[in-house]
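Q: The structure under discussion is supplied below as structure tokens; questions concerning it will follow.
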Amino acid sequence: MMNRPHIKLGLIAACLAMASHSGAEAKKKKEAQVEQAAPIDLAALDEAIRADRLVQAKTLIEQSQLARQSGPMLDLLKAEYDLARGQNDVALAGFRLLVADAGVGARAQQGAGIASVRINRIDDAMGYLTAATKADGSLWRAWSALGVAYDVKRNWPAAEAAYASGLAARPNAGEILANRGYSR
């Protein structure tokens, strides 16, 4: 019998085509089975960070990534999470990307200012915190951090005024009272 190389090559090509087709079908079935997670409640993430429930916050951030959720508020909360964990340089970088955003800019300025105070960049901090308090006078954490920045600069009257503004925004805030007491 005559050996026909073109028939063998045709059979090999057909087998390869069948194998790759069945592999593609398996991949499609696997992709169909993986469901996209539901978007997280950003208010719940914000509350978890504010209450220092960082394990819960981390879980919510991971769920947001599975849901392919995005947006400036989520980015702000990720930077807040980094700030709460003490990752001040990382947080500062995240906040800087958001300071021009109309929706979250004031809170981003506040976060950038707090992070700057923590890494002893007082002049930068004062710029961020002044902008934050001008944009939104209710940001009591910004007032408190501004008071700390003025304390570092030994500007006691300005520090006292900042603490007073912070207490007007959030009466009896323990953080402000502690900073003010230390300042005095």
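Each chain in the structure tokens gets a letter, A, B and so on, in the order shown; residues start at 1 in every chain, and ligands are counted from 1 in the order they appear.
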Could you pull the residues within 10 Å of Lys78 of chain A, counting only C-alpha atoms, minus those fewer than 3 positions along the same chain, as a list in words?
A: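 The contact residues come out as Leu45, Asp46, Ile49, Ala57, Lys58, Ile61, Pro72, Met73, Leu74, Asp75, Tyr81, Asp82, Leu83, Ala84, Val90, Ala91, Gly94 and Phe95 of chain A.
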Q: Find the distance between atom CA of Gly71 of chain A and atom CA of Thr59 of chain A and write it in Å to one decimal.
A: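 Separation between atom CA of Gly71 of chain A and atom CA of Thr59 of chain A: 17.9 Å.
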Q: Contacts of Val104 of chain A at 12 Å or less, counting only C-alpha atoms, minus same-chain residues fewer than 3 places along, as a list in words?
A: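 Counting only the stated atoms, we get Gly71, Pro72, Met73, Leu74, Asp75, Leu76, Leu77, Ala79, Glu80, Phe95, Arg96, Leu97, Leu98, Val99, Ala100, Asp101, Arg107, Ala108, Gln109, Gln110, Gly111, Ala132, Ala135 and Asp136 of chain A.
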Q: So that I can check the surroundings of segment 142-156 of chain A, please list as a PyMOL selection string every protein, DNA and RNA residue that reaches within 6 Å of it, counting only C-alpha atoms and ignoring chain neighbours fewer than 6 positions away.
A: chain A and resi 110+114+122+129+162-163+166+176
Q: Okay, now the selection with C-alpha atoms, as a PDB file, in the first residue's frame?
A:
ATOM      1  CA  GLN A 110      -8.470  66.049  54.177  1.00  0.00           C
ATOM      2  CA  ILE A 114      -3.663  63.953  57.510  1.00  0.00           C
ATOM      3  CA  ILE A 122       3.735  70.116  57.495  1.00  0.00           C
ATOM      4  CA  LEU A 129      -6.093  70.926  55.108  1.00  0.00           C
ATOM      5  CA  ALA A 162      -8.655  75.209  64.256  1.00  0.00           C
ATOM      6  CA  TYR A 163      -9.567  73.044  67.239  1.00  0.00           C
ATOM      7  CA  GLY A 166     -13.384  71.252  64.628  1.00  0.00           C
ATOM      8  CA  ILE A 176      -9.957  67.030  68.876  1.00  0.00           C
TER       9      ILE A 176
END
Q: To one decimal place in Å, what is the distance between atom CA of Leu66 of chain A and atom CA of Arg85 of chain A?
A: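 Atom CA of Arg85 of chain A lies 21.8 Å from atom CA of Leu66 of chain A.
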Q: As a PyMOL selection string, please: the residues near Arg170 of chain A (cut-off 10 Å, only C-alpha atoms, same-chain neighbours under 5 positions excluded).
A: chain A and resi 138-141+164-165+176
Q: Nearest residue to Ala37 of chain A out of A:Asn172, A:Asn120, A:Ser64, A:Gln56, using only C-alpha atoms?
A: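 Checking each of A:Asn172, A:Asn120, A:Ser64, A:Gln56 against Ala37 of chain A, counting only C-alpha atoms, the winner is A:Ser64.
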